[in-house]
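*Asks:* Structure incoming, see below.
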Amino acid sequence: MAPARPWFLETVIYGIQVSAFADANGDGLGDLDGITEHLDYLASLGVGCLWLTPTYVSGERDNGYDVIDHRRIDERWGGDAGLDRLIDAAGRRGLRVVLELVPNHTSDQHPWFLAGRHGRDAPERSRYLWAREPADDGIRPAFPGPETSVWSYDELTDEWYRHLFYSFEPDLNVDDPTVRREFSSIVRDLAARGVAGFRVDCAAPMVNRPNRRRGDDGPLRHLKRHAEELDPPVALMAEADVPPEEYHWFFGKGDEMDLVLDFYLAEELFLALARHSADLIRRGLSRLHPPRPGTGYVNFLRNLDELSLARLADDERDDVVAAFDGEPTSFIYERGLRRRVASMLRGDRRWLELAWSLLFAMPGVPLLAYGDEIGLGDDLSKPERWSVRTAMQWTGGRAGGFSKAPPDRIVRPPRPDGPWGYRRLNVAAQERDRNSFLAWFRGLIRARCSTPELGWAAWRVVDPGRASVSALIYEAERGHIGVFHNLADEAVEVLVPEELRDGEIETVFPVAPDGRGRPPRRLGERFELPALGYRWVRTVAG
């Protein structure tokens, strides 16, 4: 009998901004109990994994990434008891919970950093990166604009400390043995409470370290080795916004992550949509480093940050901005757009369906952000990345059903009116409409879960005879799966790959609202794909 495949290759990941999802205690902030109260809804979507933004005790100056204490869940989000309630209730519904792990830096209020500032001989001092003079190593800050350098002067010590992100987030020395032991211990303790995995924030700098030698026992490999010793082992998902030629560091003989978030493919997908060119999708897929068996990429259109366009050429970036932006205040950090998918595609169902179907049919594991399933928009009046972390809109009532707190206590209230306002765009209204975008999205997730081979099977790009059509063939356990997407605003005839010409096929997606697809039939040598159309088919076993 073949070994069971890892659960994370056959799931759909749902990313949640905890403070913006649902407020259970009425204090104006979303919390863990708010997620727990909506688990039946999440289970009905068909997703299998919930990824949560940081919930640890923090200064809450950077969405929780300025961690003060990894050992405690902040009471603002429900404390340790709130996390335990969520994990238990999610497990009863077959949902796994993945937390954020932030091993690159801490808050400047972390006990280690405070101790290191008050004594040159303190052992905690070696856990950060200090220098008599700031090193001119060419490293730019992750947030150009808010920060002008990766070094800040500390008057108390008369030295400089490094921070890739904000100055209140000093970088940890990830080669320090105590730092490594601490994070391995954190993973072990949270796994014992039922956490199924971790999104490892800022993984790339922990690989591309000064004097790093290929194959050495780096911090990620050290973390992975301890994660594999757990029973059951926990999954590690690396946030690695690096050029595709560097993905090999995270697979095989590199740092051996289970999953890697594919930032590069997200850029290529939006460029392909802007130029109506499937050749760009083929280009993006051709540059991916093949993961080792049992590992894979996580594909997304948008996460909970800006859409980075840093890997695109200047003319390519200009085309994406011209096609999908139109707002001068949305470009941020000299590299990307702080927009949600629905806003970028102007709420057009045809484009939204094409984009999401295209993403879910890519090799790897699909990820969506909370609210994508109803076409939740952004709010550019919010600062920096908060424009895409808008409150979830559950109903057309006060505050969109997000919170029962008085309006002046809701930290980031949703807008009532406009194209993205909760009075017209909310879960309750779409639940009542069998033709809603939510109903369509449930069908998409159902199609992805019925074709788990897309997460791990061998695949190849095929030539459909049209530059606007993306076509992939997967080797299913019995037969083949073909996925086709037409990026042109006109119908086209598509050449059928040889694997699908003989024998009967059934349509996996799109299907009727009742879940029934078209009856099996033969495709022949060609078939018509509508404008901005898509079709997933599977050969029928004899």
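Residue numbering restarts at 1 for every chain of the structure tokens, chains are lettered A, B, ... in their displayed order, and ligands are numbered from 1 as they appear.
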Neighbours of Gly59 of chain A within 12 Å (only C-alpha atoms; same-chain residues fewer than 6 positions away dropped), as a count of residues only?

*Replies:* 14

*Asks:* Set the distance at 7 Å and use only C-alpha atoms: which residues neighbour Ala467 of chain A once local chain neighbours fewer than 4 positions away are removed? I'd like the list as a count of residues only.

*Replies:* 3

*Asks:* Could you name the residues that touch Pro291 of chain A at 9 Å or less, counting only C-alpha atoms, but leaving out those on the same chain fewer than 4 positions away, as a ChimeraX atom specification?

*Replies:* /A:247-248,250-252,259,295-297

*Asks:* For the residues selected in the previous step, produce a file with N, CA and C atoms as a PDB file, in the first residue's frame.

*Replies:*
ATOM      1  N   TYR A 247      14.385  29.171  -4.973  1.00  0.00           N
ATOM      2  CA  TYR A 247      13.453  28.292  -4.270  1.00  0.00           C
ATOM      3  C   TYR A 247      14.104  26.983  -3.839  1.00  0.00           C
ATOM      4  N   HIS A 248      15.156  26.574  -4.567  1.00  0.00           N
ATOM      5  CA  HIS A 248      15.774  25.287  -4.246  1.00  0.00           C
ATOM      6  C   HIS A 248      16.353  25.268  -2.836  1.00  0.00           C
ATOM      7  N   PHE A 250      14.864  25.887  -0.246  1.00  0.00           N
ATOM      8  CA  PHE A 250      13.825  25.486   0.705  1.00  0.00           C
ATOM      9  C   PHE A 250      13.341  24.060   0.483  1.00  0.00           C
ATOM     10  N   PHE A 251      13.880  23.386  -0.519  1.00  0.00           N
ATOM     11  CA  PHE A 251      13.489  22.004  -0.793  1.00  0.00           C
ATOM     12  C   PHE A 251      14.739  21.127  -0.904  1.00  0.00           C
ATOM     13  N   GLY A 252      14.535  19.822  -0.789  1.00  0.00           N
ATOM     14  CA  GLY A 252      15.618  18.888  -1.045  1.00  0.00           C
ATOM     15  C   GLY A 252      16.785  19.063  -0.106  1.00  0.00           C
ATOM     16  N   LEU A 259       6.177  23.397   2.763  1.00  0.00           N
ATOM     17  CA  LEU A 259       5.492  24.240   1.796  1.00  0.00           C
ATOM     18  C   LEU A 259       6.244  25.557   1.660  1.00  0.00           C
ATOM     19  N   THR A 295       6.320  17.542  -0.584  1.00  0.00           N
ATOM     20  CA  THR A 295       6.359  18.983  -0.346  1.00  0.00           C
ATOM     21  C   THR A 295       5.701  19.685  -1.522  1.00  0.00           C
ATOM     22  N   GLY A 296       5.484  20.986  -1.394  1.00  0.00           N
ATOM     23  CA  GLY A 296       4.853  21.693  -2.502  1.00  0.00           C
ATOM     24  C   GLY A 296       4.813  23.185  -2.299  1.00  0.00           C
ATOM     25  N   TYR A 297       4.273  23.862  -3.312  1.00  0.00           N
ATOM     26  CA  TYR A 297       4.104  25.310  -3.272  1.00  0.00           C
ATOM     27  C   TYR A 297       2.694  25.666  -2.808  1.00  0.00           C
TER      28      TYR A 297
END

*Asks:* Have a look at atom CA of Ala310 of chain A and atom CA of Met362 of chain A and let me know their distance in Å, one decimal.

*Replies:*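 Here the two named atoms are 21.5 Å from each other.
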
*Asks:* Using only C-alpha atoms, which residue out of A:Tyr153, A:Phe8, A:Phe165, A:Phe143 lies closest to Val98 of chain A?

*Replies:*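 Closest candidate: A:Phe8.
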
*Asks:* Atom CA of Leu172 of chain A to atom CA of His105 of chain A: how many Å, to one decimal?

*Replies:* 4.8 Å

*Asks:* To one decimal place, how far is atom CA of Phe484 of chain A from atom CA of Ser470 of chain A in Å?

*Replies:*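 It comes out at 5.6 Å.
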